[in-house]
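A.B. asks: What follows is the file final_25.tsv, containing TSV, C-alpha atoms:
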```
chain	number	residue	atom	x	y	z
A	293	MET	CA	1.55	3.26	39.84
A	294	VAL	CA	5.10	2.48	38.67
A	295	VAL	CA	3.78	0.20	35.91
A	296	ARG	CA	1.39	2.91	34.76
A	297	LYS	CA	4.14	5.56	34.75
A	298	HIS	CA	6.85	3.55	33.02
A	299	ILE	CA	4.82	1.30	30.69
A	300	ILE	CA	1.26	2.52	30.15
A	301	HIS	CA	2.03	6.22	29.64
A	302	PRO	CA	4.81	5.70	27.03
A	303	ILE	CA	2.62	3.30	25.03
A	304	LYS	CA	-0.29	5.75	25.18
A	305	GLU	CA	1.97	8.58	24.01
A	306	LEU	CA	3.27	6.50	21.10
A	307	ALA	CA	-0.30	5.64	20.08
A	308	GLU	CA	-1.45	9.26	20.24
A	309	ASN	CA	1.37	10.65	18.10
A	310	GLY	CA	0.97	7.93	15.48
A	311	LYS	CA	4.35	6.22	15.99
A	312	LEU	CA	3.08	2.99	17.56
A	313	THR	CA	1.70	1.64	14.28
A	314	GLY	CA	5.03	2.09	12.52
A	315	ILE	CA	6.97	0.53	15.40
A	316	MET	CA	4.62	-2.48	15.49
A	317	LEU	CA	4.96	-2.96	11.71
A	318	ILE	CA	8.76	-2.87	11.79
A	319	THR	CA	8.89	-5.15	14.84
A	320	ALA	CA	6.53	-7.65	13.23
A	321	THR	CA	8.62	-7.64	10.04
A	322	PHE	CA	11.91	-8.34	11.80
A	323	LEU	CA	10.31	-10.97	14.04
A	324	SER	CA	8.82	-12.79	11.07
A	325	LEU	CA	12.09	-12.73	9.09
A	326	ILE	CA	14.00	-14.05	12.13
A	327	LEU	CA	11.50	-16.86	12.70
A	328	SER	CA	11.41	-17.75	8.99
A	329	ASN	CA	15.18	-18.19	8.93
A	330	SER	CA	15.48	-20.02	12.27
A	331	ASP	CA	15.32	-23.72	13.06
A	332	TYR	CA	11.55	-23.30	13.34
A	333	GLY	CA	11.27	-21.65	9.93
A	334	VAL	CA	9.49	-24.47	8.11
A	335	SER	CA	6.89	-24.90	10.86
A	336	TYR	CA	6.40	-21.15	11.13
A	337	MET	CA	5.77	-20.71	7.40
A	338	LYS	CA	3.40	-23.69	7.37
A	339	ILE	CA	1.15	-21.83	9.82
A	340	TRP	CA	0.43	-19.09	7.29
A	341	ASN	CA	-0.28	-21.66	4.56
A	342	MET	CA	-2.87	-23.59	6.60
A	343	ASP	CA	-6.26	-23.71	4.91
A	344	ILE	CA	-9.29	-22.52	6.85
A	345	GLY	CA	-12.73	-21.44	5.75
A	346	PHE	CA	-16.21	-22.55	4.87
A	347	SER	CA	-17.57	-25.27	2.65
A	348	PHE	CA	-17.87	-22.88	-0.28
A	349	MET	CA	-14.54	-21.10	0.18
A	350	HIS	CA	-11.27	-22.41	1.60
A	351	LYS	CA	-8.22	-20.14	1.68
A	352	SER	CA	-4.90	-20.13	3.47
A	353	ILE	CA	-4.44	-17.87	6.50
A	354	LEU	CA	-2.10	-15.75	4.37
A	355	HIS	CA	-4.79	-15.26	1.72
A	356	TRP	CA	-7.45	-14.46	4.31
A	357	ILE	CA	-5.20	-11.71	5.65
A	358	ASN	CA	-4.22	-10.29	2.25
A	359	ASP	CA	-7.58	-10.68	0.54
A	360	GLY	CA	-9.92	-10.24	3.51
A	361	PHE	CA	-8.39	-8.26	6.37
A	362	MET	CA	-6.55	-5.91	4.02
A	363	ALA	CA	-9.84	-5.07	2.32
A	364	VAL	CA	-10.85	-3.60	5.71
A	365	PHE	CA	-7.63	-1.56	5.71
A	366	PHE	CA	-8.39	-0.27	2.21
A	367	LEU	CA	-11.90	0.53	3.41
A	368	MET	CA	-10.47	2.76	6.15
A	369	VAL	CA	-8.04	4.62	3.90
A	370	GLY	CA	-10.77	4.91	1.27
A	371	LEU	CA	-12.96	6.65	3.84
A	372	GLU	CA	-10.14	9.06	4.62
A	373	ILE	CA	-9.53	9.75	0.94
A	374	LYS	CA	-13.23	10.43	0.32
A	375	ARG	CA	-13.39	12.81	3.29
A	376	GLU	CA	-10.33	14.73	2.08
A	377	PHE	CA	-11.55	14.90	-1.52
A	378	VAL	CA	-14.99	16.14	-0.46
A	379	GLN	CA	-14.18	18.61	2.29
A	380	GLY	CA	-10.50	18.41	3.18
A	381	GLU	CA	-7.01	19.02	1.81
A	382	LEU	CA	-7.84	17.56	-1.62
A	383	SER	CA	-11.23	19.18	-2.12
A	384	GLY	CA	-9.95	21.66	-4.72
A	385	ARG	CA	-9.51	20.52	-8.34
A	386	LYS	CA	-5.81	21.39	-8.51
A	387	GLU	CA	-5.10	19.68	-5.18
A	388	ALA	CA	-7.09	16.60	-6.18
A	389	ILE	CA	-5.33	16.06	-9.49
A	390	LEU	CA	-1.84	16.25	-7.98
A	391	PRO	CA	-1.67	12.72	-6.44
A	392	VAL	CA	-3.09	11.27	-9.66
A	393	VAL	CA	-0.30	12.83	-11.74
A	394	ALA	CA	2.31	11.90	-9.11
A	395	ALA	CA	1.15	8.28	-9.02
A	396	PHE	CA	1.36	8.11	-12.83
A	397	GLY	CA	4.96	9.32	-12.71
A	398	GLY	CA	5.68	6.78	-9.97
A	399	ILE	CA	4.40	3.98	-12.20
A	400	LEU	CA	5.88	5.06	-15.54
A	401	LEU	CA	9.53	5.69	-14.62
A	402	PRO	CA	10.09	2.51	-12.52
A	403	SER	CA	8.69	0.34	-15.32
A	404	LEU	CA	10.96	2.15	-17.82
A	405	ILE	CA	14.03	1.58	-15.62
A	406	PHE	CA	13.16	-2.12	-15.29
A	407	PHE	CA	12.77	-2.34	-19.07
A	408	LEU	CA	16.19	-0.74	-19.67
A	409	PHE	CA	17.86	-3.35	-17.45
A	410	ASN	CA	15.98	-6.35	-18.89
A	411	SER	CA	15.13	-5.43	-22.49
A	412	ARG	CA	17.11	-8.40	-23.86
A	413	ASP	CA	15.52	-11.00	-21.59
A	414	SER	CA	11.95	-11.77	-22.63
A	415	GLU	CA	11.33	-13.95	-19.56
A	416	ALA	CA	12.55	-11.29	-17.13
A	417	LEU	CA	10.38	-8.66	-18.84
A	418	HIS	CA	7.30	-10.41	-17.45
A	419	GLY	CA	8.12	-8.64	-14.18
A	420	TRP	CA	8.08	-5.09	-15.58
A	421	ALA	CA	5.30	-4.08	-13.15
A	422	ILE	CA	7.09	-5.27	-9.99
A	423	PRO	CA	8.70	-1.89	-9.12
A	424	THR	CA	5.59	0.13	-9.99
A	425	ALA	CA	3.71	-0.70	-6.78
A	426	THR	CA	3.59	1.10	-3.43
A	427	ASP	CA	2.89	-0.81	-0.23
A	428	ILE	CA	0.42	1.57	1.37
A	429	ALA	CA	0.53	-0.11	4.79
A	430	PHE	CA	4.30	0.03	5.17
A	431	SER	CA	4.74	3.46	3.56
A	432	LEU	CA	2.21	5.01	5.93
A	433	GLY	CA	3.76	3.04	8.80
A	434	ILE	CA	7.17	4.57	8.06
A	435	LEU	CA	5.60	8.03	7.81
A	436	SER	CA	3.89	7.52	11.16
A	437	LEU	CA	7.29	7.08	12.84
A	438	LEU	CA	7.81	10.82	12.40
A	439	GLY	CA	4.57	11.58	14.22
A	440	LYS	CA	3.46	15.20	14.19
A	441	ARG	CA	6.68	16.42	12.56
A	442	VAL	CA	5.18	15.48	9.20
A	443	PRO	CA	2.54	17.92	7.93
A	444	PHE	CA	-0.93	16.42	7.86
A	445	ALA	CA	-1.24	17.43	4.20
A	446	LEU	CA	1.80	15.28	3.37
A	447	LYS	CA	0.21	12.23	5.00
A	448	ILE	CA	-2.98	12.81	3.03
A	449	PHE	CA	-0.97	13.26	-0.17
A	450	LEU	CA	0.90	9.98	0.41
A	451	THR	CA	-2.34	8.18	1.28
A	452	ALA	CA	-4.04	9.42	-1.89
A	453	LEU	CA	-0.97	8.68	-4.02
A	454	ALA	CA	-0.59	5.18	-2.56
A	455	ILE	CA	-4.28	4.39	-3.06
A	456	ILE	CA	-4.15	5.55	-6.69
A	457	ASP	CA	-0.84	3.72	-7.15
A	458	ASP	CA	-2.25	0.47	-5.74
A	459	LEU	CA	-5.40	0.79	-7.80
A	460	GLY	CA	-3.12	1.24	-10.80
A	461	ALA	CA	-1.23	-1.91	-9.78
A	462	ILE	CA	-4.51	-3.79	-9.39
A	463	LEU	CA	-5.56	-2.61	-12.85
A	464	ILE	CA	-2.21	-3.76	-14.26
A	465	ILE	CA	-2.71	-7.16	-12.61
A	466	ALA	CA	-6.25	-7.41	-14.00
A	467	ILE	CA	-5.12	-6.56	-17.55
A	468	PHE	CA	-1.67	-8.12	-17.84
A	469	TYR	CA	-1.50	-10.82	-15.15
A	470	THR	CA	-5.02	-12.21	-14.90
A	471	HIS	CA	-5.38	-15.20	-17.18
A	472	ALA	CA	-9.15	-15.42	-16.87
A	473	LEU	CA	-11.78	-13.03	-15.55
A	474	ASN	CA	-15.16	-14.27	-14.42
A	475	PHE	CA	-17.40	-11.73	-16.11
A	476	LEU	CA	-20.54	-13.08	-14.43
A	477	MET	CA	-19.02	-12.32	-11.03
A	478	LEU	CA	-17.99	-8.88	-12.32
A	479	ILE	CA	-21.59	-8.20	-13.35
A	480	PHE	CA	-22.82	-9.21	-9.89
A	481	ALA	CA	-20.20	-6.96	-8.27
A	482	THR	CA	-21.24	-4.06	-10.50
A	483	LEU	CA	-24.90	-4.53	-9.57
A	484	ILE	CA	-24.03	-4.52	-5.86
A	485	PHE	CA	-21.99	-1.33	-6.32
A	486	ILE	CA	-24.87	0.35	-8.13
A	487	ILE	CA	-27.20	-0.61	-5.27
A	488	LEU	CA	-24.77	0.96	-2.79
A	489	VAL	CA	-24.61	4.16	-4.84
A	490	ILE	CA	-28.42	4.32	-4.95
A	491	MET	CA	-28.56	3.84	-1.17
A	492	ASN	CA	-26.15	6.75	-0.81
A	493	LYS	CA	-28.33	8.96	-3.02
A	494	MET	CA	-31.39	7.95	-0.98
A	495	LYS	CA	-29.52	9.08	2.17
A	496	VAL	CA	-29.77	5.76	4.01
A	497	LYS	CA	-28.59	6.54	7.55
A	498	ARG	CA	-27.81	3.09	9.00
A	499	LEU	CA	-24.22	1.91	8.46
A	500	PHE	CA	-25.29	-1.73	8.69
A	501	PHE	CA	-27.25	-1.46	5.43
A	502	PHE	CA	-24.00	-0.54	3.63
A	503	LEU	CA	-21.79	-3.15	5.29
A	504	LEU	CA	-23.96	-6.15	4.40
A	505	PRO	CA	-23.89	-5.47	0.62
A	506	GLY	CA	-20.22	-4.54	1.09
A	507	VAL	CA	-19.44	-8.12	2.12
A	508	ALA	CA	-21.23	-9.37	-1.00
A	509	LEU	CA	-19.26	-6.85	-3.11
A	510	TRP	CA	-16.00	-8.22	-1.66
A	511	TYR	CA	-17.04	-11.81	-2.39
A	512	PHE	CA	-18.01	-11.19	-6.02
A	513	ILE	CA	-14.87	-9.16	-6.73
A	514	LEU	CA	-12.77	-11.94	-5.17
A	515	LYS	CA	-14.47	-14.54	-7.38
A	516	SER	CA	-14.15	-12.32	-10.47
A	517	GLY	CA	-10.36	-12.69	-10.47
A	518	ILE	CA	-9.63	-9.07	-9.52
A	519	HIS	CA	-7.76	-8.39	-6.29
A	520	PRO	CA	-10.53	-8.12	-3.66
A	521	THR	CA	-8.98	-5.20	-1.73
A	522	VAL	CA	-10.48	-2.91	-4.38
A	523	ALA	CA	-13.86	-3.75	-2.81
A	524	GLY	CA	-12.86	-1.86	0.33
A	525	VAL	CA	-12.17	1.31	-1.67
A	526	LEU	CA	-15.39	1.00	-3.70
A	527	LEU	CA	-17.44	0.50	-0.54
A	528	ALA	CA	-15.79	3.51	1.13
A	529	PHE	CA	-16.77	5.76	-1.76
A	530	THR	CA	-20.45	4.88	-1.25
A	531	ILE	CA	-20.58	5.55	2.51
A	532	PRO	CA	-22.45	8.84	3.23
A	533	MET	CA	-20.29	11.68	4.54
A	534	ASN	CA	-22.25	11.95	7.81
A	535	LEU	CA	-21.27	8.36	8.70
A	536	ILE	CA	-17.60	8.50	7.75
A	537	GLU	CA	-16.03	10.14	10.81
A	538	ASP	CA	-17.55	7.74	13.35
A	539	PHE	CA	-16.86	4.73	11.13
A	540	GLU	CA	-13.19	5.75	10.73
A	541	HIS	CA	-12.87	6.04	14.50
A	542	ARG	CA	-14.26	2.52	14.98
A	543	LEU	CA	-11.88	1.03	12.42
A	544	ASN	CA	-8.74	2.83	13.60
A	545	LYS	CA	-7.61	0.55	16.46
A	546	PRO	CA	-8.42	-2.88	14.95
A	547	VAL	CA	-6.75	-1.89	11.67
A	548	ASN	CA	-3.62	-0.29	13.14
A	549	TYR	CA	-3.02	-2.66	16.03
A	550	LEU	CA	-4.31	-5.98	14.71
A	551	ILE	CA	-4.70	-6.13	10.93
A	552	LEU	CA	-1.47	-4.35	9.94
A	553	PRO	CA	0.82	-6.29	12.34
A	554	LEU	CA	-0.74	-9.57	11.15
A	555	PHE	CA	-0.22	-8.39	7.58
A	556	ALA	CA	3.49	-7.75	8.30
A	557	LEU	CA	3.97	-11.09	10.05
A	558	ALA	CA	2.34	-13.12	7.28
A	559	ASN	CA	3.95	-11.42	4.30
A	560	THR	CA	7.52	-11.49	5.59
A	561	ALA	CA	7.43	-15.23	6.33
A	562	MET	CA	10.09	-16.04	3.73
A	563	PRO	CA	13.57	-17.61	3.93
A	564	VAL	CA	16.53	-15.46	2.90
A	565	SER	CA	19.90	-17.16	2.36
A	566	PHE	CA	23.34	-15.62	1.95
A	567	GLU	CA	23.71	-17.54	-1.31
A	568	GLN	CA	20.94	-15.38	-2.79
A	569	THR	CA	22.80	-12.10	-2.25
A	570	GLY	CA	24.94	-12.64	-5.35
A	571	SER	CA	21.79	-12.37	-7.45
A	572	LEU	CA	21.41	-8.70	-6.46
A	573	ILE	CA	23.80	-7.66	-9.26
A	574	SER	CA	21.74	-9.42	-11.95
A	575	PRO	CA	19.78	-7.26	-14.42
A	576	LEU	CA	16.51	-8.59	-12.97
A	577	SER	CA	17.37	-7.57	-9.41
A	578	LEU	CA	18.93	-4.25	-10.41
A	579	GLY	CA	15.84	-3.39	-12.45
A	580	ILE	CA	13.65	-3.95	-9.40
A	581	ILE	CA	15.97	-2.23	-6.89
A	582	PHE	CA	16.64	0.84	-9.02
A	583	GLY	CA	13.01	0.95	-10.13
A	584	LEU	CA	11.87	1.23	-6.51
A	585	PHE	CA	14.77	3.23	-5.07
A	586	ILE	CA	15.36	5.66	-7.98
A	587	GLY	CA	12.36	5.37	-10.29
A	588	LYS	CA	9.71	5.99	-7.63
A	589	PRO	CA	11.10	9.19	-6.03
A	590	VAL	CA	12.33	10.71	-9.31
A	591	GLY	CA	9.15	9.81	-11.19
A	592	ILE	CA	6.87	11.17	-8.45
A	593	THR	CA	8.90	14.36	-7.93
A	594	LEU	CA	9.23	15.15	-11.64
A	595	ALA	CA	5.56	14.45	-12.35
A	596	THR	CA	4.51	16.63	-9.40
A	597	TRP	CA	6.86	19.45	-10.46
A	598	PHE	CA	5.59	19.27	-14.05
A	599	ALA	CA	1.94	19.41	-12.95
A	600	VAL	CA	2.60	22.41	-10.68
A	601	ARG	CA	4.78	24.17	-13.27
A	602	CYS	CA	2.09	23.77	-15.93
A	603	LYS	CA	-0.47	25.03	-13.39
A	604	VAL	CA	-2.76	22.04	-13.79
A	605	ALA	CA	-2.30	21.35	-10.07
A	606	SER	CA	-1.08	23.16	-6.98
A	607	LEU	CA	1.16	22.09	-4.11
A	608	PRO	CA	-0.38	22.39	-0.62
A	609	SER	CA	1.02	25.48	1.11
A	610	ASP	CA	2.63	23.61	4.02
A	611	ILE	CA	4.51	21.07	1.85
A	612	ASN	CA	7.92	21.83	0.33
A	613	TRP	CA	9.77	20.15	-2.52
A	614	LYS	CA	12.27	18.32	-0.33
A	615	GLN	CA	9.34	16.72	1.46
A	616	ILE	CA	7.90	15.64	-1.90
A	617	LEU	CA	11.23	13.94	-2.67
A	618	GLY	CA	11.20	12.24	0.75
A	619	LEU	CA	7.63	11.14	0.16
A	620	GLY	CA	8.72	9.75	-3.23
A	621	PHE	CA	11.32	7.56	-1.54
A	622	THR	CA	8.72	6.39	0.97
A	623	ALA	CA	6.46	5.44	-1.94
A	624	GLY	CA	9.33	3.25	-3.17
A	625	ILE	CA	8.44	0.70	-0.48
A	626	GLY	CA	6.90	-1.80	-2.87
A	627	PHE	CA	7.07	-4.76	-0.50
A	628	THR	CA	3.89	-6.89	-0.42
A	629	MET	CA	2.23	-5.67	-3.62
A	630	SER	CA	5.55	-5.92	-5.47
A	631	ILE	CA	6.14	-9.42	-4.07
A	632	PHE	CA	2.59	-10.34	-5.12
A	633	ILE	CA	3.23	-9.14	-8.68
A	634	ALA	CA	6.56	-11.01	-8.68
A	635	SER	CA	4.74	-14.23	-7.78
A	636	LEU	CA	2.44	-13.67	-10.75
A	637	SER	CA	5.37	-12.86	-13.06
A	638	TYR	CA	7.68	-15.78	-12.41
A	639	GLU	CA	6.89	-19.44	-11.85
A	640	SER	CA	10.49	-20.63	-11.77
A	641	GLU	CA	11.85	-21.42	-8.31
A	642	ASN	CA	15.22	-20.11	-9.52
A	643	THR	CA	13.83	-16.67	-10.39
A	644	LEU	CA	11.10	-15.85	-7.88
A	645	PRO	CA	13.28	-15.89	-4.71
A	646	PHE	CA	15.74	-13.46	-6.35
A	647	ALA	CA	12.91	-11.13	-7.33
A	648	LYS	CA	11.52	-11.20	-3.78
A	649	LEU	CA	14.94	-10.46	-2.28
A	650	ALA	CA	15.38	-7.53	-4.68
A	651	VAL	CA	12.00	-6.17	-3.59
A	652	LEU	CA	13.07	-6.37	0.06
A	653	VAL	CA	16.37	-4.59	-0.64
A	654	GLY	CA	14.82	-1.87	-2.80
A	655	SER	CA	12.04	-1.32	-0.25
A	656	LEU	CA	14.55	-1.16	2.63
A	657	PHE	CA	16.73	1.42	0.84
A	658	SER	CA	13.63	3.46	0.02
A	659	ALA	CA	12.34	3.33	3.60
A	660	ILE	CA	15.65	4.49	5.06
A	661	ALA	CA	16.08	7.30	2.53
A	662	GLY	CA	12.49	8.48	2.93
A	663	LEU	CA	12.71	8.44	6.72
A	664	VAL	CA	16.01	10.37	6.78
A	665	ILE	CA	14.95	13.02	4.25
A	666	LEU	CA	11.58	13.64	5.90
A	667	ARG	CA	13.19	13.71	9.33
A	668	LEU	CA	15.63	16.41	8.19
A	669	THR	CA	13.14	18.51	6.24
A	670	SER	CA	9.86	18.32	8.12
A	671	HIS	CA	10.80	20.88	10.77
A	672	SER	CA	10.23	23.75	8.34
A	673	PRO	CA	6.89	24.17	6.51
A	674	ARG	CA	8.23	26.84	4.18
A	675	GLN	CA	8.13	26.37	0.43
A	676	ILE	CA	11.45	25.74	-1.30
A	677	SER	CA	11.88	26.67	-4.94
A	678	LEU	CA	12.90	23.89	-7.31
```
Please rewrite the model in this file as structure tokens.

C.D. replies:
Amino acid sequence: MVVRKHIIHPIKELAENGKLTGIMLITATFLSLILSNSDYGVSYMKIWNMDIGFSFMHKSILHWINDGFMAVFFLMVGLEIKREFVQGELSGRKEAILPVVAAFGGILLPSLIFFLFNSRDSEALHGWAIPTATDIAFSLGILSLLGKRVPFALKIFLTALAIIDDLGAILIIAIFYTHALNFLMLIFATLIFIILVIMNKMKVKRLFFFLLPGVALWYFILKSGIHPTVAGVLLAFTIPMNLIEDFEHRLNKPVNYLILPLFALANTAMPVSFEQTGSLISPLSLGIIFGLFIGKPVGITLATWFAVRCKVASLPSDINWKQILGLGFTAGIGFTMSIFIASLSYESENTLPFAKLAVLVGSLFSAIAGLVILRLTSHSPRQISL
């Protein structure tokens, strides 16, 4: 009885108000960083680089998590986005266009800031896209720490913005950072997607018949050279509306309490030395830090304000402008996607660690600022004039 009262009930309460996911993500991140920089660091990082798989496809544990498990995460958020666009908070045209415009502002201004810092260094300019990305898992994890204080519409807005932002990052990777695309695999993936769309139009009622082609879609997109997490979003958009709610419910616990913590553990397995801190004042690092910490919130807020002012979009009634600014800071958590782009941008061992450290610092500043602003402003749902 004592165990149930003092342990079980608090954990259940944290899970119900949405805070447990954020706490688990932050705990996993700190644990992984501590282990990576301990005496067991080398052995710990080797675990994530171990190859496992089948005869036709071997990948490291890290890649299985990022390319495989995270596709399931993107599937879940894609389902939520589809539901909100069809019959929820984003079902109106003006509401639907707002996260698209906001995401564009959150991509454009950070890349411009990075360019201003590094315009004279052609090698550094390869990383112009690093501060344009939003880590959807961590940004939503930070937002979940506030529980029910945050309006549901704000969570949906961040989810939609982060999805569009990440799809933009994936498109940038495909165009500017992919050296070779396998067009045959792309054709196969397109055919699978068309089949899924046809099944949706034919009102197929069994979820299994969507999941099996969905696995094939993931495989062909992976082999095409495009980041395979996009397969999760594409599959979600083909799932019939009458199957979405139950499917979301089934995915919720394994995604929040298994996939995301594993994701945090694997992607923060990196050594950080005090000698690297001096690099934070270099143009490369400052371009990344200011791109994430300043470019993201300012770009998102200005783009949102411009869209509302021009009446091409409308702000949900229970969201105010201070919350939009706080959300913009939260979207500045580039983390894994930014680190991934950094690894594609720089091959030099003298440059890549500095870029990764700058991503961590910029993401940390953004997370703290977003959490504080939303904590102070989310008690009042009233609109505030800008």

A.B. asks: Show me, as a list in words, the residues that have an atom within 8 Å of Leu473 of chain A when counting all atoms listed in the file, minus same-chain residues fewer than 5 positions from it.

C.D. replies: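 Residues meeting the cut-off are Ser516, Gly517 and Ile518 of chain A.
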
A.B. asks: Restricting the output to C-alpha atoms, write the selected residues as a tab-separated table (two decimals), keeping the file's coordinate frame.

C.D. replies:
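Here's the written file again00.tsv:
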```tsv
chain	number	residue	atom	x	y	z
A	516	SER	CA	-14.15	-12.32	-10.47
A	517	GLY	CA	-10.36	-12.69	-10.47
A	518	ILE	CA	-9.63	-9.07	-9.52
```

A.B. asks: For Phe366 of chain A, which residue among A:Ala659, A:Gly524, A:Ala647, A:Phe632 is the nearest when counting all atoms listed in the file?

C.D. replies: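 Closest to Phe366 of chain A, using all atoms listed in the file: A:Gly524.
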
A.B. asks: Can you pull out the residues contacting Ile315 of chain A? Cut-off 9 Å, using only C-alpha atoms, and skip same-chain residues under 5 positions away; I want them as a list of chain:residue names.

C.D. replies: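 The contact residues come out as A:Ala320, A:Gly433, A:Ile434, A:Ser436, A:Leu437.
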
A.B. asks: For segment 457-459 of chain A, work out the shell of residues within 8 Å, counting all atoms listed in the file and skipping chain neighbours fewer than 6 positions away, then give it as a ChimeraX atom specification.

C.D. replies: /A:395-396,398-399,424-428,522,629

A.B. asks: Name all residues at most 10 Å from Ala481 of chain A (count all atoms listed in the file; drop same-chain ones fewer than 4 positions away) and give them as a ChimeraX atom specification.

C.D. replies: /A:475-477,485-487,505-506,508-516,523

A.B. asks: Please identify all polymer residues within 10 Å of Thr628 of chain A, counting all atoms listed in the file, omitting same-chain residues fewer than 4 positions from it, and present them as a list in words.

C.D. replies: Asn358, Ala425, Thr426, Asp427, Ile428, Ala429, Phe430, Phe555, Ala556, Asn559, Thr560, Phe632, Ile633, Ala634, Lys648, Val651, Leu652 and Ser655 of chain A

A.B. asks: Measuring between only C-alpha atoms, which one of A:Ser324, A:Ser658, A:Thr669, A:Ser637 shows the shortest distance to His418 of chain A?

C.D. replies: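 Smallest separation from His418 of chain A among the options: A:Ser637.
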
A.B. asks: Per residue of segment 369-466 of chain A within 9 Å of segment 599-604 of chain A, note the shortest atom pair and the distance in Å to one decimal, counting only C-alpha atoms, and order the rows by chain and increasing residue number, as CSV.

C.D. replies:
```
residue,atom,partner,partner_atom,distance
A:Arg385,CA,A:Val604,CA,8.8
A:Lys386,CA,A:Val604,CA,6.1
A:Ile389,CA,A:Val604,CA,7.8
A:Leu390,CA,A:Ala599,CA,7.0
A:Val393,CA,A:Ala599,CA,7.1
A:Ala394,CA,A:Ala599,CA,8.4
```

A.B. asks: For Gly314 of chain A, which residue out of A:Gly587, A:Gly439, A:Pro563, A:Gly654 is the nearest one, using all atoms listed in the file?

C.D. replies: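 Under the stated criterion, the closest residue is A:Gly439.
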
A.B. asks: Counting all atoms listed in the file, which residues come within 12 Å of (8.7, 18.5, -10.9), with the point read in the file's coordinates, and could you list them as an mmCIF file with C-alpha atoms, keeping the file's coordinate frame?

C.D. replies:
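Listing of part-v1.cif after writing:
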```cif
data_model
loop_
_atom_site.group_PDB
_atom_site.id
_atom_site.type_symbol
_atom_site.label_atom_id
_atom_site.label_comp_id
_atom_site.auth_asym_id
_atom_site.auth_seq_id
_atom_site.Cartn_x
_atom_site.Cartn_y
_atom_site.Cartn_z
ATOM 1 C CA LEU A 390 -1.840 16.250 -7.980
ATOM 2 C CA VAL A 393 -0.300 12.830 -11.740
ATOM 3 C CA ALA A 394 2.310 11.900 -9.110
ATOM 4 C CA GLY A 397 4.960 9.320 -12.710
ATOM 5 C CA PRO A 589 11.100 9.190 -6.030
ATOM 6 C CA VAL A 590 12.330 10.710 -9.310
ATOM 7 C CA GLY A 591 9.150 9.810 -11.190
ATOM 8 C CA ILE A 592 6.870 11.170 -8.450
ATOM 9 C CA THR A 593 8.900 14.360 -7.930
ATOM 10 C CA LEU A 594 9.230 15.150 -11.640
ATOM 11 C CA ALA A 595 5.560 14.450 -12.350
ATOM 12 C CA THR A 596 4.510 16.630 -9.400
ATOM 13 C CA TRP A 597 6.860 19.450 -10.460
ATOM 14 C CA PHE A 598 5.590 19.270 -14.050
ATOM 15 C CA ALA A 599 1.940 19.410 -12.950
ATOM 16 C CA VAL A 600 2.600 22.410 -10.680
ATOM 17 C CA ARG A 601 4.780 24.170 -13.270
ATOM 18 C CA CYS A 602 2.090 23.770 -15.930
ATOM 19 C CA LYS A 603 -0.470 25.030 -13.390
ATOM 20 C CA ALA A 605 -2.300 21.350 -10.070
ATOM 21 C CA SER A 606 -1.080 23.160 -6.980
ATOM 22 C CA LEU A 607 1.160 22.090 -4.110
ATOM 23 C CA ASN A 612 7.920 21.830 0.330
ATOM 24 C CA TRP A 613 9.770 20.150 -2.520
ATOM 25 C CA LYS A 614 12.270 18.320 -0.330
ATOM 26 C CA ILE A 616 7.900 15.640 -1.900
ATOM 27 C CA LEU A 617 11.230 13.940 -2.670
ATOM 28 C CA GLY A 620 8.720 9.750 -3.230
ATOM 29 C CA SER A 677 11.880 26.670 -4.940
ATOM 30 C CA LEU A 678 12.900 23.890 -7.310
#
```

A.B. asks: Out of A:Ile551, A:Pro402, A:Gly626, A:Leu527, which residue has the shortest atom-to-atom distance to Lys588 of chain A when counting all atoms listed in the file?

C.D. replies: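 Closest candidate: A:Pro402.
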
A.B. asks: Distance atom CA of Leu543 of chain A-atom CA of Gly662 of chain A, one decimal place?

C.D. replies: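 Pair atom CA of Leu543 of chain A / atom CA of Gly662 of chain A returns 27.2 Å.
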